[in-house]
Every structure is written in C-alpha cells, then in structure tokens.
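Here is data.pdb, consisting of PDB, C-alpha atoms, pLDDT in the B column:
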ATOM      1  CA  ALA E  13     -49.089  19.120 129.990  1.00 76.00           C
ATOM      2  CA  GLN E  14     -50.312  22.591 130.807  1.00 84.00           C
ATOM      3  CA  SER E  15     -48.355  25.408 129.172  1.00 92.00           C
ATOM      4  CA  VAL E  16     -48.480  29.061 128.230  1.00 96.00           C
ATOM      5  CA  ALA E  17     -46.602  30.629 125.331  1.00 97.00           C
ATOM      6  CA  GLN E  18     -45.815  34.273 124.799  1.00 98.00           C
ATOM      7  CA  PRO E  19     -44.145  34.135 121.399  1.00 97.00           C
ATOM      8  CA  GLU E  20     -42.645  37.626 121.474  1.00 97.00           C
ATOM      9  CA  ASP E  21     -39.855  38.538 123.890  1.00 97.00           C
ATOM     10  CA  GLN E  22     -40.368  42.211 123.072  1.00 98.00           C
ATOM     11  CA  VAL E  23     -43.020  44.303 121.359  1.00 98.00           C
ATOM     12  CA  ASN E  24     -42.330  47.851 120.166  1.00 98.00           C
ATOM     13  CA  VAL E  25     -45.222  50.242 119.519  1.00 98.00           C
ATOM     14  CA  ALA E  26     -45.409  53.956 118.820  1.00 98.00           C
ATOM     15  CA  GLU E  27     -47.387  56.013 121.287  1.00 98.00           C
ATOM     16  CA  GLY E  28     -51.004  56.376 120.195  1.00 98.00           C
ATOM     17  CA  ASN E  29     -50.979  53.222 118.089  1.00 98.00           C
ATOM     18  CA  PRO E  30     -52.900  50.079 119.044  1.00 98.00           C
ATOM     19  CA  LEU E  31     -50.938  47.358 120.798  1.00 98.00           C
ATOM     20  CA  THR E  32     -51.272  43.588 120.997  1.00 98.00           C
ATOM     21  CA  VAL E  33     -49.352  41.231 123.263  1.00 98.00           C
ATOM     22  CA  LYS E  34     -49.871  37.605 122.290  1.00 98.00           C
ATOM     23  CA  CYS E  35     -50.586  34.615 124.507  1.00 98.00           C
ATOM     24  CA  THR E  36     -51.531  31.042 123.652  1.00 98.00           C
ATOM     25  CA  TYR E  37     -52.210  28.265 126.123  1.00 96.00           C
ATOM     26  CA  SER E  38     -52.615  24.538 126.446  1.00 93.00           C
ATOM     27  CA  VAL E  39     -54.663  23.001 129.253  1.00 86.00           C
ATOM     28  CA  SER E  40     -56.527  19.750 129.686  1.00 81.00           C
ATOM     29  CA  GLY E  41     -59.764  21.326 130.885  1.00 81.00           C
ATOM     30  CA  ASN E  42     -61.422  24.729 130.909  1.00 83.00           C
ATOM     31  CA  PRO E  43     -58.870  27.504 131.357  1.00 88.00           C
ATOM     32  CA  TYR E  44     -58.830  30.384 133.789  1.00 90.00           C
ATOM     33  CA  LEU E  45     -56.683  33.018 132.060  1.00 94.00           C
ATOM     34  CA  PHE E  46     -54.957  36.037 133.545  1.00 96.00           C
ATOM     35  CA  TRP E  47     -52.799  38.961 132.477  1.00 98.00           C
ATOM     36  CA  TYR E  48     -50.384  40.681 134.844  1.00 98.00           C
ATOM     37  CA  VAL E  49     -48.095  43.679 134.385  1.00 97.00           C
ATOM     38  CA  GLN E  50     -44.810  44.327 136.159  1.00 97.00           C
ATOM     39  CA  TYR E  51     -43.095  47.692 136.256  1.00 93.00           C
ATOM     40  CA  PRO E  52     -39.343  47.797 137.057  1.00 87.00           C
ATOM     41  CA  ASN E  53     -38.503  46.716 140.608  1.00 79.00           C
ATOM     42  CA  ARG E  54     -42.182  46.231 141.449  1.00 84.00           C
ATOM     43  CA  GLY E  55     -44.525  43.361 142.192  1.00 88.00           C
ATOM     44  CA  LEU E  56     -46.990  41.984 139.672  1.00 94.00           C
ATOM     45  CA  GLN E  57     -50.233  43.866 139.154  1.00 95.00           C
ATOM     46  CA  PHE E  58     -53.375  42.067 138.027  1.00 95.00           C
ATOM     47  CA  LEU E  59     -54.826  43.479 134.781  1.00 96.00           C
ATOM     48  CA  LEU E  60     -57.709  41.222 133.804  1.00 96.00           C
ATOM     49  CA  LYS E  61     -59.028  37.673 133.738  1.00 94.00           C
ATOM     50  CA  TYR E  62     -61.222  35.315 131.770  1.00 94.00           C
ATOM     51  CA  ILE E  63     -63.087  32.595 133.622  1.00 89.00           C
ATOM     52  CA  THR E  64     -66.348  32.270 131.754  1.00 86.00           C
ATOM     53  CA  GLY E  65     -68.830  34.387 129.831  1.00 88.00           C
ATOM     54  CA  ASP E  66     -68.143  37.090 127.289  1.00 92.00           C
ATOM     55  CA  ASN E  67     -65.021  36.389 125.217  1.00 93.00           C
ATOM     56  CA  LEU E  68     -63.967  40.058 125.317  1.00 96.00           C
ATOM     57  CA  VAL E  69     -62.742  40.975 128.755  1.00 96.00           C
ATOM     58  CA  LYS E  70     -62.039  44.543 129.857  1.00 96.00           C
ATOM     59  CA  GLY E  71     -59.517  45.302 132.550  1.00 95.00           C
ATOM     60  CA  SER E  72     -57.468  47.988 134.221  1.00 92.00           C
ATOM     61  CA  TYR E  73     -55.767  50.955 132.511  1.00 93.00           C
ATOM     62  CA  GLY E  74     -57.807  50.559 129.298  1.00 96.00           C
ATOM     63  CA  PHE E  75     -56.552  47.068 128.518  1.00 97.00           C
ATOM     64  CA  GLU E  76     -58.746  44.313 127.140  1.00 98.00           C
ATOM     65  CA  ALA E  77     -58.221  40.737 126.038  1.00 98.00           C
ATOM     66  CA  GLU E  78     -60.068  38.390 123.751  1.00 96.00           C
ATOM     67  CA  PHE E  79     -60.506  34.736 124.613  1.00 96.00           C
ATOM     68  CA  ASN E  80     -60.472  32.527 121.516  1.00 96.00           C
ATOM     69  CA  LYS E  81     -61.177  28.915 122.361  1.00 94.00           C
ATOM     70  CA  SER E  82     -60.586  27.519 118.878  1.00 94.00           C
ATOM     71  CA  GLN E  83     -57.177  29.178 118.628  1.00 96.00           C
ATOM     72  CA  THR E  84     -56.441  28.670 122.353  1.00 96.00           C
ATOM     73  CA  SER E  85     -55.370  32.303 122.565  1.00 97.00           C
ATOM     74  CA  PHE E  86     -55.866  35.167 124.997  1.00 98.00           C
ATOM     75  CA  HIS E  87     -54.186  38.194 123.413  1.00 98.00           C
ATOM     76  CA  LEU E  88     -53.897  41.438 125.363  1.00 98.00           C
ATOM     77  CA  LYS E  89     -54.897  44.602 123.509  1.00 98.00           C
ATOM     78  CA  LYS E  90     -55.174  48.339 123.948  1.00 98.00           C
ATOM     79  CA  PRO E  91     -56.557  50.738 121.317  1.00 97.00           C
ATOM     80  CA  SER E  92     -54.082  53.558 121.964  1.00 97.00           C
ATOM     81  CA  ALA E  93     -50.744  52.935 123.672  1.00 97.00           C
ATOM     82  CA  LEU E  94     -49.203  55.248 126.257  1.00 97.00           C
ATOM     83  CA  VAL E  95     -45.512  55.599 127.090  1.00 96.00           C
ATOM     84  CA  SER E  96     -46.463  54.650 130.642  1.00 95.00           C
ATOM     85  CA  ASP E  97     -47.653  51.241 129.377  1.00 97.00           C
ATOM     86  CA  SER E  98     -44.008  50.263 128.902  1.00 97.00           C
ATOM     87  CA  ALA E  99     -43.486  47.304 131.231  1.00 97.00           C
ATOM     88  CA  LEU E 100     -43.160  43.512 131.390  1.00 98.00           C
ATOM     89  CA  TYR E 101     -46.389  41.619 130.736  1.00 98.00           C
ATOM     90  CA  PHE E 102     -47.133  38.055 131.841  1.00 98.00           C
ATOM     91  CA  CYS E 103     -49.923  35.762 130.740  1.00 98.00           C
ATOM     92  CA  ALA E 104     -50.924  32.958 133.115  1.00 96.00           C
ATOM     93  CA  VAL E 105     -53.393  30.087 133.091  1.00 93.00           C
ATOM     94  CA  ARG E 106     -54.967  27.858 135.698  1.00 86.00           C
ATOM     95  CA  ASP E 107     -56.674  24.673 134.701  1.00 66.00           C
ATOM     96  CA  TYR E 108     -60.184  24.836 136.101  1.00 61.00           C
ATOM     97  CA  ASN E 109     -60.588  21.069 136.127  1.00 54.00           C
ATOM     98  CA  LEU E 110     -57.253  20.133 137.563  1.00 54.00           C
ATOM     99  CA  ASP E 111     -56.691  19.719 141.273  1.00 57.00           C
ATOM    100  CA  SER E 112     -53.734  22.024 141.035  1.00 56.00           C
ATOM    101  CA  ASN E 113     -54.094  23.709 144.391  1.00 59.00           C
ATOM    102  CA  TYR E 114     -54.464  27.058 142.653  1.00 70.00           C
ATOM    103  CA  GLN E 115     -51.156  26.933 140.813  1.00 81.00           C
ATOM    104  CA  LEU E 116     -50.691  29.225 137.856  1.00 89.00           C
ATOM    105  CA  ILE E 117     -48.733  28.315 134.759  1.00 91.00           C
ATOM    106  CA  TRP E 118     -46.835  31.398 133.610  1.00 95.00           C
ATOM    107  CA  GLY E 119     -45.709  32.560 130.220  1.00 97.00           C
ATOM    108  CA  ALA E 120     -42.126  33.746 129.800  1.00 98.00           C
ATOM    109  CA  GLY E 121     -43.168  37.372 129.661  1.00 98.00           C
ATOM    110  CA  THR E 122     -43.200  40.040 126.948  1.00 98.00           C
ATOM    111  CA  LYS E 123     -41.412  43.344 127.314  1.00 98.00           C
ATOM    112  CA  LEU E 124     -43.581  46.114 125.897  1.00 98.00           C
ATOM    113  CA  ILE E 125     -41.825  49.290 124.796  1.00 98.00           C
ATOM    114  CA  ILE E 126     -43.904  52.287 123.831  1.00 97.00           C
ATOM    115  CA  LYS E 127     -41.920  54.943 121.975  1.00 97.00           C
ATOM    116  CA  PRO E 128     -42.975  58.625 122.043  1.00 95.00           C
TER     117      PRO E 128
ATOM    118  CA  ASP Q 233     -58.568  46.511 151.243  1.00 59.00           C
ATOM    119  CA  THR Q 234     -57.026  44.830 148.199  1.00 65.00           C
ATOM    120  CA  GLU Q 235     -53.444  45.158 149.335  1.00 90.00           C
ATOM    121  CA  VAL Q 236     -50.782  42.615 150.124  1.00 96.00           C
ATOM    122  CA  THR Q 237     -47.943  44.065 152.167  1.00 96.00           C
ATOM    123  CA  GLN Q 238     -44.420  42.723 152.448  1.00 97.00           C
ATOM    124  CA  THR Q 239     -41.547  43.632 154.726  1.00 97.00           C
ATOM    125  CA  PRO Q 240     -38.763  44.435 154.392  1.00 97.00           C
ATOM    126  CA  LYS Q 241     -38.535  45.998 150.942  1.00 96.00           C
ATOM    127  CA  HIS Q 242     -34.824  45.301 150.728  1.00 96.00           C
ATOM    128  CA  LEU Q 243     -32.649  42.809 152.583  1.00 96.00           C
ATOM    129  CA  VAL Q 244     -28.916  42.189 152.411  1.00 96.00           C
ATOM    130  CA  MET Q 245     -27.637  39.190 154.304  1.00 93.00           C
ATOM    131  CA  GLY Q 246     -24.540  37.073 154.624  1.00 90.00           C
ATOM    132  CA  MET Q 247     -24.518  33.352 154.022  1.00 88.00           C
ATOM    133  CA  THR Q 248     -24.482  32.609 157.756  1.00 88.00           C
ATOM    134  CA  ASN Q 249     -27.314  34.945 158.718  1.00 89.00           C
ATOM    135  CA  LYS Q 250     -30.868  34.103 159.714  1.00 94.00           C
ATOM    136  CA  LYS Q 251     -33.585  36.461 158.558  1.00 96.00           C
ATOM    137  CA  SER Q 252     -37.327  36.414 157.900  1.00 97.00           C
ATOM    138  CA  LEU Q 253     -39.584  37.865 155.249  1.00 98.00           C
ATOM    139  CA  LYS Q 254     -43.101  38.841 156.233  1.00 98.00           C
ATOM    140  CA  CYS Q 255     -46.338  39.084 154.269  1.00 98.00           C
ATOM    141  CA  GLU Q 256     -49.804  40.201 155.310  1.00 97.00           C
ATOM    142  CA  GLN Q 257     -53.211  40.396 153.629  1.00 96.00           C
ATOM    143  CA  HIS Q 258     -56.629  41.387 154.912  1.00 90.00           C
ATOM    144  CA  MET Q 259     -58.787  40.331 151.980  1.00 92.00           C
ATOM    145  CA  GLY Q 260     -60.001  37.154 153.645  1.00 91.00           C
ATOM    146  CA  HIS Q 261     -58.127  35.017 151.136  1.00 92.00           C
ATOM    147  CA  ARG Q 262     -57.490  31.458 152.261  1.00 89.00           C
ATOM    148  CA  ALA Q 263     -54.641  30.707 149.856  1.00 90.00           C
ATOM    149  CA  MET Q 264     -51.243  32.375 150.193  1.00 93.00           C
ATOM    150  CA  TYR Q 265     -48.112  31.916 148.115  1.00 94.00           C
ATOM    151  CA  TRP Q 266     -44.381  32.535 148.092  1.00 96.00           C
ATOM    152  CA  TYR Q 267     -42.664  33.067 144.756  1.00 96.00           C
ATOM    153  CA  LYS Q 268     -39.057  33.681 143.750  1.00 97.00           C
ATOM    154  CA  GLN Q 269     -38.433  35.874 140.721  1.00 97.00           C
ATOM    155  CA  LYS Q 270     -35.209  36.481 138.856  1.00 96.00           C
ATOM    156  CA  ALA Q 271     -34.846  39.549 136.661  1.00 93.00           C
ATOM    157  CA  LYS Q 272     -37.083  39.581 133.577  1.00 91.00           C
ATOM    158  CA  LYS Q 273     -38.300  36.033 134.276  1.00 96.00           C
ATOM    159  CA  PRO Q 274     -41.721  34.791 135.365  1.00 96.00           C
ATOM    160  CA  PRO Q 275     -42.220  34.112 139.067  1.00 96.00           C
ATOM    161  CA  GLU Q 276     -41.327  30.613 140.278  1.00 95.00           C
ATOM    162  CA  LEU Q 277     -43.697  29.097 142.789  1.00 93.00           C
ATOM    163  CA  MET Q 278     -42.045  28.058 146.050  1.00 95.00           C
ATOM    164  CA  PHE Q 279     -44.837  27.338 148.540  1.00 93.00           C
ATOM    165  CA  VAL Q 280     -48.621  27.405 148.726  1.00 91.00           C
ATOM    166  CA  TYR Q 281     -50.645  27.548 151.915  1.00 91.00           C
ATOM    167  CA  SER Q 282     -54.322  26.679 151.789  1.00 87.00           C
ATOM    168  CA  TYR Q 283     -56.404  27.241 154.924  1.00 88.00           C
ATOM    169  CA  GLU Q 284     -53.148  27.796 156.835  1.00 90.00           C
ATOM    170  CA  LYS Q 285     -51.770  24.392 155.853  1.00 90.00           C
ATOM    171  CA  LEU Q 286     -48.834  23.875 153.541  1.00 89.00           C
ATOM    172  CA  SER Q 287     -50.245  22.302 150.398  1.00 82.00           C
ATOM    173  CA  ILE Q 288     -47.411  22.709 147.928  1.00 76.00           C
ATOM    174  CA  ASN Q 289     -43.643  22.726 148.426  1.00 79.00           C
ATOM    175  CA  GLU Q 290     -42.019  22.914 145.040  1.00 80.00           C
ATOM    176  CA  SER Q 291     -38.839  21.070 146.002  1.00 85.00           C
ATOM    177  CA  VAL Q 292     -37.453  24.151 147.674  1.00 93.00           C
ATOM    178  CA  PRO Q 293     -34.186  23.746 149.611  1.00 93.00           C
ATOM    179  CA  SER Q 294     -34.561  23.471 153.372  1.00 93.00           C
ATOM    180  CA  ARG Q 295     -32.709  26.737 153.872  1.00 95.00           C
ATOM    181  CA  PHE Q 296     -36.096  28.298 153.050  1.00 96.00           C
ATOM    182  CA  SER Q 297     -38.711  27.591 155.725  1.00 96.00           C
ATOM    183  CA  PRO Q 298     -42.274  28.899 155.384  1.00 96.00           C
ATOM    184  CA  GLU Q 299     -44.663  29.570 158.221  1.00 96.00           C
ATOM    185  CA  CYS Q 300     -48.324  30.592 158.275  1.00 96.00           C
ATOM    186  CA  PRO Q 301     -49.170  31.816 161.806  1.00 94.00           C
ATOM    187  CA  ASN Q 302     -52.760  32.688 160.852  1.00 92.00           C
ATOM    188  CA  SER Q 303     -54.943  33.263 157.840  1.00 90.00           C
ATOM    189  CA  SER Q 304     -53.605  36.792 157.290  1.00 95.00           C
ATOM    190  CA  LEU Q 305     -49.885  36.267 157.794  1.00 97.00           C
ATOM    191  CA  LEU Q 306     -47.188  34.409 155.922  1.00 97.00           C
ATOM    192  CA  ASN Q 307     -43.508  34.274 156.814  1.00 98.00           C
ATOM    193  CA  LEU Q 308     -40.475  32.955 155.014  1.00 98.00           C
ATOM    194  CA  HIS Q 309     -37.540  32.127 157.256  1.00 97.00           C
ATOM    195  CA  LEU Q 310     -34.121  32.241 155.640  1.00 96.00           C
ATOM    196  CA  HIS Q 311     -30.970  30.523 156.892  1.00 94.00           C
ATOM    197  CA  ALA Q 312     -27.595  29.776 155.326  1.00 93.00           C
ATOM    198  CA  LEU Q 313     -28.567  31.118 151.936  1.00 94.00           C
ATOM    199  CA  GLN Q 314     -26.365  31.056 148.870  1.00 95.00           C
ATOM    200  CA  PRO Q 315     -25.558  33.967 146.532  1.00 95.00           C
ATOM    201  CA  GLU Q 316     -27.730  32.355 143.843  1.00 96.00           C
ATOM    202  CA  ASP Q 317     -30.714  32.836 146.148  1.00 97.00           C
ATOM    203  CA  SER Q 318     -30.519  36.562 145.499  1.00 97.00           C
ATOM    204  CA  ALA Q 319     -33.816  37.510 143.841  1.00 97.00           C
ATOM    205  CA  LEU Q 320     -37.119  39.304 144.282  1.00 96.00           C
ATOM    206  CA  TYR Q 321     -39.336  37.346 146.672  1.00 97.00           C
ATOM    207  CA  LEU Q 322     -43.021  37.854 146.099  1.00 97.00           C
ATOM    208  CA  CYS Q 323     -45.954  37.007 148.300  1.00 97.00           C
ATOM    209  CA  ALA Q 324     -49.453  36.624 146.879  1.00 96.00           C
ATOM    210  CA  SER Q 325     -52.922  35.692 148.066  1.00 95.00           C
ATOM    211  CA  SER Q 326     -56.122  34.588 146.402  1.00 91.00           C
ATOM    212  CA  ASP Q 327     -59.479  33.004 146.926  1.00 85.00           C
ATOM    213  CA  HIS Q 328     -59.837  29.533 145.488  1.00 70.00           C
ATOM    214  CA  VAL Q 329     -60.796  30.449 141.935  1.00 72.00           C
ATOM    215  CA  GLY Q 330     -59.748  34.011 141.272  1.00 79.00           C
ATOM    216  CA  GLU Q 331     -56.729  36.071 140.544  1.00 89.00           C
ATOM    217  CA  GLN Q 332     -53.715  36.241 142.794  1.00 93.00           C
ATOM    218  CA  PHE Q 333     -52.915  39.576 144.381  1.00 94.00           C
ATOM    219  CA  PHE Q 334     -49.217  40.242 144.754  1.00 96.00           C
ATOM    220  CA  GLY Q 335     -47.256  42.258 147.237  1.00 96.00           C
ATOM    221  CA  PRO Q 336     -44.468  44.626 146.153  1.00 95.00           C
ATOM    222  CA  GLY Q 337     -41.814  42.048 146.966  1.00 96.00           C
ATOM    223  CA  THR Q 338     -38.620  41.891 148.983  1.00 97.00           C
ATOM    224  CA  ARG Q 339     -35.397  42.413 147.054  1.00 96.00           C
ATOM    225  CA  LEU Q 340     -32.956  39.947 148.646  1.00 97.00           C
ATOM    226  CA  THR Q 341     -29.198  40.122 148.165  1.00 96.00           C
ATOM    227  CA  VAL Q 342     -27.030  37.342 149.598  1.00 95.00           C
ATOM    228  CA  LEU Q 343     -23.369  38.205 149.959  1.00 93.00           C
TER     229      LEU Q 343
END
Could you write out this structure as structure tokens?
Amino acid sequence: AQSVAQPEDQVNVAEGNPLTVKCTYSVSGNPYLFWYVQYPNRGLQFLLKYITGDNLVKGSYGFEAEFNKSQTSFHLKKPSALVSDSALYFCAVRDYNLDSNYQLIWGAGTKLIIKP
Amino acid sequence: DTEVTQTPKHLVMGMTNKKSLKCEQHMGHRAMYWYKQKAKKPPELMFVYSYEKLSINESVPSRFSPECPNSSLLNLHLHALQPEDSALYLCASSDHVGEQFFGPGTRLTVL
C-alpha cells in the first residue's frame, strides 16, 4: 500500500541554523514527490516536486529537497532558517504507475518552529 | 495566472441550511479537487473531477454534492450538514502529472 511518513510532529530550529524536515515514502512504482507548506488559516502552497532527473530539487523560498531512492526518502532542507518559515509542512506522493486518478497520499504533517 | 480562487472565505450555516462553495481556476487544468481539512491534519480528498466528469467520490455523505459546470469552475453544494462537518474546505486543480494548486479555502462552521 502507498504511504508517506513524516516521523516528526514538530521540529524546532534556531533562526539562521539549517533545517531539515523528514519524509519517507512507500509506493509500488516510480514516485512523484511533493512538499507543501501551510501557514495558519491559509491554503496549501506548493514548494517543490521531484518527478525525474536530478536528485536535488530546488524550490520556492530557498527550500530544497533531496530524493534518495535507496532510502525512499525526500527530506526538505534549507541552509538558513527564517522565523517566517514557521508553518505546517506536508509531504505528499503520487504513484506514477498507478491509475490513481491523480490522488496524492499525504503525510501527517510536521510543524516547523523557528525561534529568534 | 497560477491562482485558484474560492468563495466565500468564511461561511456559518445552520444544520437546515443550503449553501454552496465555489472554486475557479484559469490555468487550463483538467483535474479539479475538493478536500476537507481539520486543524493541523492533512487534507482529506472528497471528490475529483477529470475532464469535467466525476472520477472519484471518496465515500462522502450525500449532504455534500459536487458540480463541475465547466472546465474552470467547481462547486460544492451543502445541505443538512452536521456540526462535525465544520472544517476548512479546499479546492485544488492540476494537470495530469504535476503539482496541485490550492485555493485559500473556505472556513465552514456548522451550528
């Protein structure tokens, strides 16, 4: 069965330090992987995606993610955290080979808190 | 234009009311979605329209009725809702392989 795991409910980082938000996945075929961010009382904003190609993907607001096929991971990273990065982050996967009618499998979400 | 718009932003309704949520996109996407999201939880898929036809109905109660009048518009008709239906309702659109673009959502409160 397809699944996405975000092992940390909350991640705390000091401003200026690097941050990592973890995501691992399980799919039967080739994965399409996505990261979204949600600020309080707002919709979800797309950050970045991996479909094929370079394993290091760069996205919005200075975020990047590394696709690791052997570890089935797609961790979100940023070299220097900002207080404004504090939000709820979701990892999602779509199975490229599955006739899923474009459904996404969502992780439970990780609350990122950046402290000044 | 990479925007998905939703109206209204907030909606308070009684359990006997009938109301509708509206969603619009002009990105030429042929897939559109309705999600329900509770606080601090991932979005739960309700309906998917592909080429204006309902392709997925995730066992949603009949008090929620989707409608896709054309390729740019998506409605969600609400009738006889329950207090537990209070949530953020999100609309999204996508092409057939890429990311989904979300609207800002409608915050629904059922009294």
Distance cut-off 6 Å, counting only C-alpha atoms - which residues of chain E neighbour chain Q? Return them as a ChimeraX atom specification. /E:54-56,120
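Minimum atom-to-atom distances from E:Gly74, E:Phe46, E:Leu59, E:Phe79 to Pro30 of chain E were compared using all atoms listed in the file, and the lowest value belongs to E:Gly74.
Atom pair atom CA of Leu306 of chain Q / atom CA of Leu116 of chain E has a distance of 19.1 Å (rounded to one decimal).
Omitting Leu124 of chain E and its sequence neighbours fewer than 3 positions away, and counting all atoms listed in the file, the residues within 6 Å are Gln22, Val23, Ser98 and Ala99 of chain E.
Residues captured in this structure file are Trp47, Tyr48, Val49, Gln50, Ala99, Leu100, Phe102, Cys103, Gly121, Thr122, Lys123 and Leu124 of chain E, according to the PyMOL selection byres ((chain E and resi 101) around 8).
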Take the residues from that selection and write them out as a PDB file, in the frame of the given file, keeping C-alpha atoms.
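Saved file out_35.pdb follows:
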ATOM      1  CA  TRP E  47     -52.799  38.961 132.477  1.00 98.00           C
ATOM      2  CA  TYR E  48     -50.384  40.681 134.844  1.00 98.00           C
ATOM      3  CA  VAL E  49     -48.095  43.679 134.385  1.00 97.00           C
ATOM      4  CA  GLN E  50     -44.810  44.327 136.159  1.00 97.00           C
ATOM      5  CA  ALA E  99     -43.486  47.304 131.231  1.00 97.00           C
ATOM      6  CA  LEU E 100     -43.160  43.512 131.390  1.00 98.00           C
ATOM      7  CA  PHE E 102     -47.133  38.055 131.841  1.00 98.00           C
ATOM      8  CA  CYS E 103     -49.923  35.762 130.740  1.00 98.00           C
ATOM      9  CA  GLY E 121     -43.168  37.372 129.661  1.00 98.00           C
ATOM     10  CA  THR E 122     -43.200  40.040 126.948  1.00 98.00           C
ATOM     11  CA  LYS E 123     -41.412  43.344 127.314  1.00 98.00           C
ATOM     12  CA  LEU E 124     -43.581  46.114 125.897  1.00 98.00           C
TER      13      LEU E 124
END
Smallest atom-to-atom distance to Val39 of chain E: which of E:Ile117, E:Asn24, E:Pro128, E:Ser92, using only C-alpha atoms? E:Ile117
Students should find that atom CA of Glu284 of chain Q and atom CA of Leu253 of chain Q are spaced 17.0 Å
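Across the model, the gap from atom CA of Leu305 of chain Q to atom CA of Pro52 of chain E is 26.0 Å.
Proximity ranking of Q:Met245, Q:Val292, Q:Leu286, Q:Leu343 relative to Tyr267 of chain Q places Q:Val292 first, based on only C-alpha atoms.
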Go ahead and fit an axis-aligned box to every listed atom of segment 237-243 of chain Q plus 8 Å each side, and pass me the centre and edge lengths in Å, one decimal, as JSON.
{"center_x": -40.3, "center_y": 44.4, "center_z": 152.7, "size_x": 31.3, "size_y": 19.3, "size_z": 20.0}
Taking only C-alpha atoms into account, name the residue in E:Asp66, E:Ala26, E:Tyr73, E:Pro43 that is nearest to Ala93 of chain E. E:Ala26
Residues near Asn302 of chain Q, cut-off 10 Å, all atoms listed in the file, skip fewer than 5 positions along chain, as number ranges by chain: Q: 256, 262, 283-285
Carefully work through the PyMOL selection byres ((chain E and resi 69) around 12) for this structure and note down the residues it includes, as a PDB file with C-alpha atoms, keeping the file's coordinate frame.
ATOM      1  CA  LEU E  45     -56.683  33.018 132.060  1.00 94.00           C
ATOM      2  CA  PHE E  46     -54.957  36.037 133.545  1.00 96.00           C
ATOM      3  CA  TRP E  47     -52.799  38.961 132.477  1.00 98.00           C
ATOM      4  CA  LEU E  59     -54.826  43.479 134.781  1.00 96.00           C
ATOM      5  CA  LEU E  60     -57.709  41.222 133.804  1.00 96.00           C
ATOM      6  CA  LYS E  61     -59.028  37.673 133.738  1.00 94.00           C
ATOM      7  CA  TYR E  62     -61.222  35.315 131.770  1.00 94.00           C
ATOM      8  CA  ILE E  63     -63.087  32.595 133.622  1.00 89.00           C
ATOM      9  CA  THR E  64     -66.348  32.270 131.754  1.00 86.00           C
ATOM     10  CA  GLY E  65     -68.830  34.387 129.831  1.00 88.00           C
ATOM     11  CA  ASP E  66     -68.143  37.090 127.289  1.00 92.00           C
ATOM     12  CA  ASN E  67     -65.021  36.389 125.217  1.00 93.00           C
ATOM     13  CA  LEU E  68     -63.967  40.058 125.317  1.00 96.00           C
ATOM     14  CA  LYS E  70     -62.039  44.543 129.857  1.00 96.00           C
ATOM     15  CA  GLY E  71     -59.517  45.302 132.550  1.00 95.00           C
ATOM     16  CA  SER E  72     -57.468  47.988 134.221  1.00 92.00           C
ATOM     17  CA  GLY E  74     -57.807  50.559 129.298  1.00 96.00           C
ATOM     18  CA  PHE E  75     -56.552  47.068 128.518  1.00 97.00           C
ATOM     19  CA  GLU E  76     -58.746  44.313 127.140  1.00 98.00           C
ATOM     20  CA  ALA E  77     -58.221  40.737 126.038  1.00 98.00           C
ATOM     21  CA  GLU E  78     -60.068  38.390 123.751  1.00 96.00           C
ATOM     22  CA  PHE E  79     -60.506  34.736 124.613  1.00 96.00           C
ATOM     23  CA  ASN E  80     -60.472  32.527 121.516  1.00 96.00           C
ATOM     24  CA  PHE E  86     -55.866  35.167 124.997  1.00 98.00           C
ATOM     25  CA  HIS E  87     -54.186  38.194 123.413  1.00 98.00           C
ATOM     26  CA  LEU E  88     -53.897  41.438 125.363  1.00 98.00           C
ATOM     27  CA  LYS E  89     -54.897  44.602 123.509  1.00 98.00           C
ATOM     28  CA  LYS E  90     -55.174  48.339 123.948  1.00 98.00           C
TER      29      LYS E  90
END
Proximity to Met278 of chain Q - best of Q:Leu313, Q:Leu308, Q:Cys300, Q:Cys255, only C-alpha atoms: Q:Leu308
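Distance annotation: of Q:Ser297, Q:Ser291, Q:Ser304, Q:Ser325, the residue with the minimal separation from Lys251 of chain Q is Q:Ser297; atom set is only C-alpha atoms.
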Could you name the residues that touch segment 34-37 of chain E at 8 Å or less, counting all atoms listed in the file, but leaving out those on the same chain fewer than 3 positions away, as a count of residues only? 16
Near Asn307 of chain Q, counting only C-alpha atoms, which residues have an atom at most 6 Å away, once you skip same-chain residues fewer than 6 positions from it, shown as number ranges by chain? Q: 253-254, 298-299
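Every protein or nucleic acid residue with an atom no more than 10 Å from Ser96 of chain E, counting all atoms listed in the file and leaving out same-chain residues fewer than 3 positions away, appears here: Glu27, Tyr51, Ala93, Ala99, Ile125, Ile126 and Lys127 of chain E.
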Take the residues from that selection and put them in a file with C-alpha atoms, as a PDB file, keeping the file's coordinate frame.
ATOM      1  CA  GLU E  27     -47.387  56.013 121.287  1.00 98.00           C
ATOM      2  CA  TYR E  51     -43.095  47.692 136.256  1.00 93.00           C
ATOM      3  CA  ALA E  93     -50.744  52.935 123.672  1.00 97.00           C
ATOM      4  CA  ALA E  99     -43.486  47.304 131.231  1.00 97.00           C
ATOM      5  CA  ILE E 125     -41.825  49.290 124.796  1.00 98.00           C
ATOM      6  CA  ILE E 126     -43.904  52.287 123.831  1.00 97.00           C
ATOM      7  CA  LYS E 127     -41.920  54.943 121.975  1.00 97.00           C
TER       8      LYS E 127
END
